[in-house]
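**Student:** I am attaching a structure below and will ask some questions about it afterwards.
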Amino acid sequence: MAEWTTPSSPPVPGGLEDLAGGNALVAKLLAQRGIQSVEDARPFLDPAAYDPAPPEDLPDLEKGVRRIRSAIERGERVLVWGDFDVDGQTSTALLVEALRKLGAEVDYHVPHRERESHGVNWEHLEGYLDDGVGVVLTCDTGVSSNRPIRKARNRGVDVVVTDHHDLPSRLPPAEALINPKRLPERHPLGTLPGVGVAYKFVQKLAEGQNLTEGTGLRPTGYLDLVALGIVADIAVLRGDTRYLLQLGLEKLRETGRPGLQAVMDSANVTREEADEEDIGFRIGPRLNAVGRLGDANVSVPLLTTSDPGEARAIAGDLEELNDRRKLLTAQVFEAARKKLRWEPELLQTAVLVLYGEQWPAGVIGIVAHRLTEKYHKPTILLTSASEEYSRKEGDSEDQEALTRGSARSVEDLNITAAIADHADMLQSFGGHPMAAGVTLPEAKIGRFRRLVSRSIVGQKGGEEIVETLQIDSYLSLEELTLQLAEDLRQAAPFGPGNREPVFACRNLRVSGYEEIGSDGGHLKVTVTGPKSASREVLWWNAQEEDLPDGIFDLAVTVSTNVFRGERSLQLTWEDSRVRRKETGEETGEARSTEVIGHRGEGGLEDTLRALADRGDAQVWMEARQVDGVGAKSRLGLAPCKELVLGTLPPSRPVLEEALAACEPERIHVVGLPPTTETKEGFTRRLLGLCKHAIRSGKAAPLPKLSAAMGHEERTVRLGLQWLEERGQIQAAETGQKLSIKPGSGSGEADSSLEQALEEALQEARAFRKYALRGEAPLAKRSAAK
């Protein structure tokens, strides 16, 4: 079960609710996501109001475009070298179709996963060069292909690289290297996937009447392909990436491509309603299946053909491969779970690294993703490399047995960087923060597991990796309606950088369920609330999960479902936490909580240790440590019988939210002072936490920082402003994330700001003093709402 957190509720800018169609909840969600004005909201909600960045912002793009234009004008053969995942497939199809419309003579090559893996390999590239290819244009690959690109250059063949993967320490000697990772941080093009880079390339290529006159090339005609690649590659939806997805979804709903039409028909996608969820769970997996289990070169004719018959035939083959992919995924997932049952110590490392000699390479990435979701830690799955693949990786015939693997990560942990820390023991690797591929000798797996885990622990600053679930708002079942689901689509598309809102309902019980799916692997659960309202909730992959017993809180996402033209509400189960049934829970009567004060006992730290040793007790303590006491902050609290207030909360709202999460029968008030009571202690600790954020290069979540400080978020904001005005840091807030950077080193805080900070700290001290008397926790509390 994840730790539930609730974001702060910044003021909703004036006019934002009207812009959101009059829905106050949508306006609140936008404010929580960092939208600070109507001017900020318009381009976020409406792509027509967004000003996209020019393609030439991408380093080397103009140079690369000049080289390809020259090839077209001189009649040189162009080879488009792609990749076998959806991003690579759509990038390849986009470039091949666009270049042909411009009159280029084009070949293409999509590597075979089993025989070649990712990247440009010389064995196959050499054959194309022998056959007369004059220039190579890569897409979604190439940035790490130093050796083959150097060999091509030695033969007088230029290579133009378009890619988006992390930059290696040594860049290849390409004619042009176009990669958004070369842009400054937070640039609007910075999160483009491979297909986004390819689209920007074609935009620039299409400029100028000498090329486009009479060709009919319109870059916007490729936006349906762009949408597929963005979602399937889990790109961060910020800046131009979000903008292109918004336009791309519109184009996908009216696509004239017979191949996409056939795939959507096979996947039972209502074309006119297609959204990012359809791409992620229906269309994308089918395209990925051919890259995982077959030859992805067939995706180019699928996505570019104008023949409906050819499209249906290829889509039928994809459907068969997808069914096989599902079976193999289930088998490998169960094999991995069995390995963990036999060797539970494998779960004790910060990174889950598993090896299965016969696991199909095509599905280990999917299984790694599922294991990451289940255990909430980065996961690397390895399998034996084939002889052909091993030969590609090295020239030595005596090379030790190799394994190849796929890695998946969790938010805020860069798995590729952790792997790169130990490049000296690897045959090859590459990827981006959330996913990577790796090849290493089988004999080094144990050491690799230990070292990569150590790197991940370092990224966390030594902290434990804790799964958290952000609850955007608490609603009643009655408030979960079809109208709400439709209103929420204003903030879509959802994904990384704009996560789907999660809502929680309190005090529910299961009133029925049925198994659904071909193998009964999913559940449709009927839940009932305290006012007898009921809703059906879909719980995916729940075959090994236990339904909550008794009263529980439920976190869900809200969407619409379209079946045979009828729209209905769809709720999806995200998480639950059990609550004990209390007297008056169902009737709304007040219920009692016993409050016990310990201030007069002396030796408070010893008292705290004794209370912490009680089996049913949970210690809540912030900005203070006591040896031998395992305490939790407000973010880690869970239902318990006894709650020990090691330190006291800074305000009534913080207290009430915590008590709602715990529902204790008994509260022990110890009340040790936090180290942040005074301004000196507060600013010293805050500066220390900021320095840690600067060293780690990670954004600091505001709720987590506030819990570490033992104060309200508004007080922490004042403290950050105070440090910033003194030149000690630079702080920028985006939604719930704080970007902390070194300050100028000099400055002086305004007296009014210093007074506001002092007043906020005084308010917290006053509330803690009040809480010491046992009145604030309230022995008599109203029933949870």
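In the structure tokens, each chain is lettered A, B, ... as it comes, each chain's residues begin at 1, and ligands are numbered from 1 in order of appearance.
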Using DSSP on the backbone coordinates, identify all residues within stretch 307-547 of chain A classified as strand (DSSP E); present the result as number ranges by chain.

**Tutor:** A: 352-355, 379-384, 402-408, 428-432, 435-441, 468-470, 473-474, 503-516, 522-528, 534-539

**Student:** Taking the DSSP assignment computed from this structure's backbone, write out as an MDAnalysis selection string all residues of stretch 125-364 of chain A that belong to alpha helix (DSSP H).

**Tutor:** chainID A and resid 125:130 146:154 194:205 209:212 223:232 240:253 258:266 276:278 284:293 299:304 308:342 364

**Student:** For those residues, write C-alpha atoms to a file as a compact mmCIF listing (two decimals), in the first residue's frame.

**Tutor:**
```
# COMPACT_ATOMS: atom_id res chain seq x y z
CA LEU A 125 24.85 -0.78 -42.40
CA GLU A 126 27.85 -1.90 -44.44
CA GLY A 127 25.57 -3.86 -46.77
CA TYR A 128 23.49 -0.77 -47.51
CA LEU A 129 26.62 1.29 -48.19
CA ASP A 130 27.91 -1.41 -50.54
CA ASN A 146 29.92 5.80 -32.32
CA ARG A 147 31.76 2.94 -34.04
CA PRO A 148 29.44 2.32 -37.03
CA ILE A 149 29.00 6.05 -37.66
CA ARG A 150 32.77 6.52 -37.63
CA LYS A 151 33.17 3.64 -40.10
CA ALA A 152 30.50 5.13 -42.38
CA ARG A 153 32.28 8.48 -42.32
CA ASN A 154 35.58 6.80 -43.20
CA GLY A 194 12.17 10.41 -31.30
CA VAL A 195 9.03 10.98 -33.37
CA GLY A 196 8.81 14.56 -32.09
CA VAL A 197 12.36 15.25 -33.26
CA ALA A 198 11.58 13.64 -36.62
CA TYR A 199 8.48 15.83 -36.96
CA LYS A 200 10.46 19.01 -36.26
CA PHE A 201 13.01 17.86 -38.82
CA VAL A 202 10.31 17.45 -41.47
CA GLN A 203 8.77 20.82 -40.55
CA LYS A 204 12.06 22.50 -41.39
CA LEU A 205 12.65 20.29 -44.41
CA GLN A 209 8.89 26.55 -52.27
CA ASN A 210 11.71 24.80 -54.07
CA LEU A 211 10.91 21.63 -52.14
CA THR A 212 7.21 21.72 -51.31
CA LEU A 223 0.57 14.34 -36.31
CA ASP A 224 -1.38 11.09 -35.86
CA LEU A 225 1.96 9.23 -35.94
CA VAL A 226 3.47 11.79 -33.57
CA ALA A 227 0.70 11.16 -31.01
CA LEU A 228 1.39 7.41 -31.06
CA GLY A 229 5.11 7.84 -30.45
CA ILE A 230 4.70 10.42 -27.65
CA VAL A 231 2.33 8.29 -25.60
CA ALA A 232 3.99 4.93 -26.27
CA ASP A 240 5.86 21.33 -27.38
CA THR A 241 5.47 17.65 -26.44
CA ARG A 242 2.08 18.29 -24.83
CA TYR A 243 1.12 20.64 -27.66
CA LEU A 244 1.96 18.08 -30.35
CA LEU A 245 0.02 15.38 -28.50
CA GLN A 246 -3.04 17.60 -28.26
CA LEU A 247 -2.94 18.20 -32.01
CA GLY A 248 -2.00 14.59 -32.71
CA LEU A 249 -4.99 13.16 -30.87
CA GLU A 250 -7.27 15.36 -32.96
CA LYS A 251 -5.56 14.06 -36.10
CA LEU A 252 -5.73 10.43 -34.90
CA ARG A 253 -9.51 10.65 -34.44
CA PRO A 258 -5.83 2.52 -43.51
CA GLY A 259 -3.20 0.92 -41.26
CA LEU A 260 -4.18 2.90 -38.19
CA GLN A 261 -7.85 2.40 -38.97
CA ALA A 262 -7.34 -1.36 -39.14
CA VAL A 263 -5.35 -1.50 -35.89
CA MET A 264 -7.98 0.58 -34.07
CA ASP A 265 -10.74 -1.67 -35.38
CA SER A 266 -8.85 -4.76 -34.16
CA GLU A 276 -4.01 8.77 -24.84
CA GLU A 277 -5.39 5.81 -22.87
CA ASP A 278 -6.37 4.04 -26.11
CA GLY A 284 0.61 0.91 -28.71
CA PRO A 285 0.86 -2.68 -27.40
CA ARG A 286 -0.16 -4.07 -30.79
CA LEU A 287 2.51 -2.08 -32.63
CA ASN A 288 5.04 -2.95 -29.95
CA ALA A 289 4.22 -6.64 -30.29
CA VAL A 290 5.67 -6.81 -33.81
CA GLY A 291 8.88 -5.20 -32.57
CA ARG A 292 9.10 -7.55 -29.60
CA LEU A 293 8.27 -10.85 -31.28
CA SER A 299 5.26 -1.41 -39.46
CA VAL A 300 6.42 1.04 -42.13
CA PRO A 301 4.12 -0.31 -44.87
CA LEU A 302 1.36 -0.67 -42.25
CA LEU A 303 1.57 3.01 -41.33
CA THR A 304 2.15 4.36 -44.86
CA PRO A 308 -7.01 -1.09 -47.01
CA GLY A 309 -6.54 -4.77 -47.89
CA GLU A 310 -2.82 -4.69 -47.16
CA ALA A 311 -3.51 -2.77 -43.95
CA ARG A 312 -6.04 -5.33 -42.70
CA ALA A 313 -3.68 -8.22 -43.45
CA ILE A 314 -0.79 -6.67 -41.50
CA ALA A 315 -3.11 -5.65 -38.65
CA GLY A 316 -4.30 -9.26 -38.44
CA ASP A 317 -0.71 -10.44 -38.07
CA LEU A 318 -0.19 -7.86 -35.32
CA GLU A 319 -3.24 -9.15 -33.47
CA GLU A 320 -1.81 -12.69 -33.42
CA LEU A 321 1.55 -11.41 -32.21
CA ASN A 322 -0.16 -9.38 -29.50
CA ASP A 323 -2.01 -12.45 -28.22
CA ARG A 324 1.30 -14.31 -28.07
CA ARG A 325 2.91 -11.33 -26.33
CA LYS A 326 0.22 -11.43 -23.62
CA LEU A 327 0.82 -15.14 -23.00
CA LEU A 328 4.61 -14.79 -22.80
CA THR A 329 4.32 -11.75 -20.55
CA ALA A 330 2.10 -13.65 -18.11
CA GLN A 331 4.52 -16.60 -18.09
CA VAL A 332 7.62 -14.48 -17.45
CA PHE A 333 5.83 -12.41 -14.78
CA GLU A 334 4.84 -15.57 -12.93
CA ALA A 335 8.37 -16.97 -13.28
CA ALA A 336 9.78 -13.75 -11.81
CA ARG A 337 7.32 -13.84 -8.91
CA LYS A 338 8.23 -17.48 -8.25
CA LYS A 339 11.92 -16.58 -8.20
CA LEU A 340 11.17 -13.89 -5.61
CA ARG A 341 9.22 -16.33 -3.46
CA TRP A 342 12.19 -18.72 -3.48
CA ILE A 364 11.18 -8.64 -20.37
```

**Student:** Excluding A:Pro703 and any residue of its chain fewer than 2 positions from it, enumerate the residues within 10 Å of it, using only C-alpha atoms, and give them as a PDB file with N, CA, C and O atoms, in the first residue's frame.

**Tutor:**
```pdb
ATOM      1  N   THR A   5      -0.549  11.084  -0.060  1.00  0.00           N
ATOM      2  CA  THR A   5      -0.227  12.483   0.227  1.00  0.00           C
ATOM      3  C   THR A   5      -1.280  13.359  -0.442  1.00  0.00           C
ATOM      4  O   THR A   5      -1.895  12.973  -1.435  1.00  0.00           O
ATOM      5  N   THR A   6      -1.458  14.535   0.114  1.00  0.00           N
ATOM      6  CA  THR A   6      -2.412  15.489  -0.436  1.00  0.00           C
ATOM      7  C   THR A   6      -1.670  16.756  -0.794  1.00  0.00           C
ATOM      8  O   THR A   6      -0.967  17.317   0.043  1.00  0.00           O
ATOM      9  N   PRO A   7      -1.793  17.249  -2.044  1.00  0.00           N
ATOM     10  CA  PRO A   7      -1.067  18.464  -2.423  1.00  0.00           C
ATOM     11  C   PRO A   7      -1.633  19.686  -1.727  1.00  0.00           C
ATOM     12  O   PRO A   7      -2.768  19.682  -1.251  1.00  0.00           O
ATOM     13  N   SER A   8      -0.813  20.725  -1.658  1.00  0.00           N
ATOM     14  CA  SER A   8      -1.312  21.980  -1.113  1.00  0.00           C
ATOM     15  C   SER A   8      -2.345  22.551  -2.069  1.00  0.00           C
ATOM     16  O   SER A   8      -2.423  22.169  -3.241  1.00  0.00           O
ATOM     17  N   ARG A 634       4.062  13.027   8.542  1.00  0.00           N
ATOM     18  CA  ARG A 634       2.638  13.057   8.176  1.00  0.00           C
ATOM     19  C   ARG A 634       2.359  12.302   6.876  1.00  0.00           C
ATOM     20  O   ARG A 634       1.243  11.831   6.662  1.00  0.00           O
ATOM     21  N   LEU A 635       3.387  12.164   6.008  1.00  0.00           N
ATOM     22  CA  LEU A 635       3.195  11.505   4.720  1.00  0.00           C
ATOM     23  C   LEU A 635       3.173   9.991   4.836  1.00  0.00           C
ATOM     24  O   LEU A 635       2.730   9.311   3.923  1.00  0.00           O
ATOM     25  N   ALA A 700      12.554  19.100  -5.314  1.00  0.00           N
ATOM     26  CA  ALA A 700      12.094  18.753  -3.966  1.00  0.00           C
ATOM     27  C   ALA A 700      10.577  18.897  -3.896  1.00  0.00           C
ATOM     28  O   ALA A 700      10.059  19.993  -4.073  1.00  0.00           O
ATOM     29  N   PRO A 701       9.832  17.799  -3.640  1.00  0.00           N
ATOM     30  CA  PRO A 701       8.377  17.931  -3.492  1.00  0.00           C
ATOM     31  C   PRO A 701       8.054  18.787  -2.275  1.00  0.00           C
ATOM     32  O   PRO A 701       8.577  18.549  -1.178  1.00  0.00           O
ATOM     33  N   LEU A 705       9.076  18.300   1.746  1.00  0.00           N
ATOM     34  CA  LEU A 705       9.929  19.275   2.400  1.00  0.00           C
ATOM     35  C   LEU A 705       9.236  19.827   3.648  1.00  0.00           C
ATOM     36  O   LEU A 705       9.868  20.014   4.691  1.00  0.00           O
ATOM     37  N   SER A 706       7.930  20.079   3.562  1.00  0.00           N
ATOM     38  CA  SER A 706       7.182  20.604   4.701  1.00  0.00           C
ATOM     39  C   SER A 706       7.152  19.596   5.844  1.00  0.00           C
ATOM     40  O   SER A 706       7.283  19.958   7.014  1.00  0.00           O
ATOM     41  N   ALA A 707       6.972  18.309   5.508  1.00  0.00           N
ATOM     42  CA  ALA A 707       6.978  17.275   6.546  1.00  0.00           C
ATOM     43  C   ALA A 707       8.353  17.178   7.199  1.00  0.00           C
ATOM     44  O   ALA A 707       8.469  17.022   8.418  1.00  0.00           O
ATOM     45  N   ALA A 708       9.405  17.268   6.397  1.00  0.00           N
ATOM     46  CA  ALA A 708      10.757  17.207   6.952  1.00  0.00           C
ATOM     47  C   ALA A 708      11.046  18.396   7.864  1.00  0.00           C
ATOM     48  O   ALA A 708      11.834  18.285   8.808  1.00  0.00           O
ATOM     49  N   MET A 709      10.378  19.515   7.605  1.00  0.00           N
ATOM     50  CA  MET A 709      10.568  20.707   8.433  1.00  0.00           C
ATOM     51  C   MET A 709       9.626  20.748   9.629  1.00  0.00           C
ATOM     52  O   MET A 709       9.838  21.528  10.560  1.00  0.00           O
ATOM     53  N   HIS A 711       6.476  21.790   9.496  1.00  0.00           N
ATOM     54  CA  HIS A 711       5.697  23.037   9.402  1.00  0.00           C
ATOM     55  C   HIS A 711       4.711  22.967   8.245  1.00  0.00           C
ATOM     56  O   HIS A 711       4.738  22.040   7.431  1.00  0.00           O
ATOM     57  N   GLU A 712       3.857  23.963   8.166  1.00  0.00           N
ATOM     58  CA  GLU A 712       2.912  24.066   7.057  1.00  0.00           C
ATOM     59  C   GLU A 712       3.657  24.482   5.788  1.00  0.00           C
ATOM     60  O   GLU A 712       4.744  25.081   5.848  1.00  0.00           O
ATOM     61  N   GLU A 713       3.037  24.209   4.651  1.00  0.00           N
ATOM     62  CA  GLU A 713       3.670  24.540   3.377  1.00  0.00           C
ATOM     63  C   GLU A 713       3.853  26.048   3.224  1.00  0.00           C
ATOM     64  O   GLU A 713       4.859  26.505   2.682  1.00  0.00           O
ATOM     65  N   VAL A 716       7.015  27.067   4.950  1.00  0.00           N
ATOM     66  CA  VAL A 716       8.200  26.657   4.193  1.00  0.00           C
ATOM     67  C   VAL A 716       8.413  27.577   2.998  1.00  0.00           C
ATOM     68  O   VAL A 716       9.552  27.953   2.675  1.00  0.00           O
ATOM     69  N   GLN A 736       3.688  20.857  -7.432  1.00  0.00           N
ATOM     70  CA  GLN A 736       4.152  20.417  -6.123  1.00  0.00           C
ATOM     71  C   GLN A 736       5.656  20.217  -6.075  1.00  0.00           C
ATOM     72  O   GLN A 736       6.186  19.755  -5.075  1.00  0.00           O
ATOM     73  N   LYS A 737       6.372  20.569  -7.146  1.00  0.00           N
ATOM     74  CA  LYS A 737       7.805  20.368  -7.200  1.00  0.00           C
ATOM     75  C   LYS A 737       8.543  21.706  -7.062  1.00  0.00           C
ATOM     76  O   LYS A 737       8.126  22.724  -7.608  1.00  0.00           O
TER      77      LYS A 737
END
```

**Student:** Just give me the gap between atom CA of A:His668 and atom CA of A:Ser633 in Å, one decimal is fine.

**Tutor:**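 Computing it gives 15.9 Å between the two atoms.
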
**Student:** Given only C-alpha atoms as the basis, pick out the residue of A:Leu413, A:Ala555, A:Ser117, A:Val438 nearest to A:Leu480.

**Tutor:** A:Ala555

**Student:** In terms of the shortest atom-to-atom distance over only C-alpha atoms, which of A:Ala41, A:Val367, A:Ala638, A:Asp275 is closest to A:Ala492?

**Tutor:**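 Distance minimum relative to A:Ala492 lands on A:Asp275.
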
**Student:** Here is a test: counting only C-alpha atoms, which residue of A:Leu538, A:Ala699, A:Leu440, A:Leu58 is nearest to A:Ser406?

**Tutor:**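 So, comparing all the options, the nearest one is A:Leu440.
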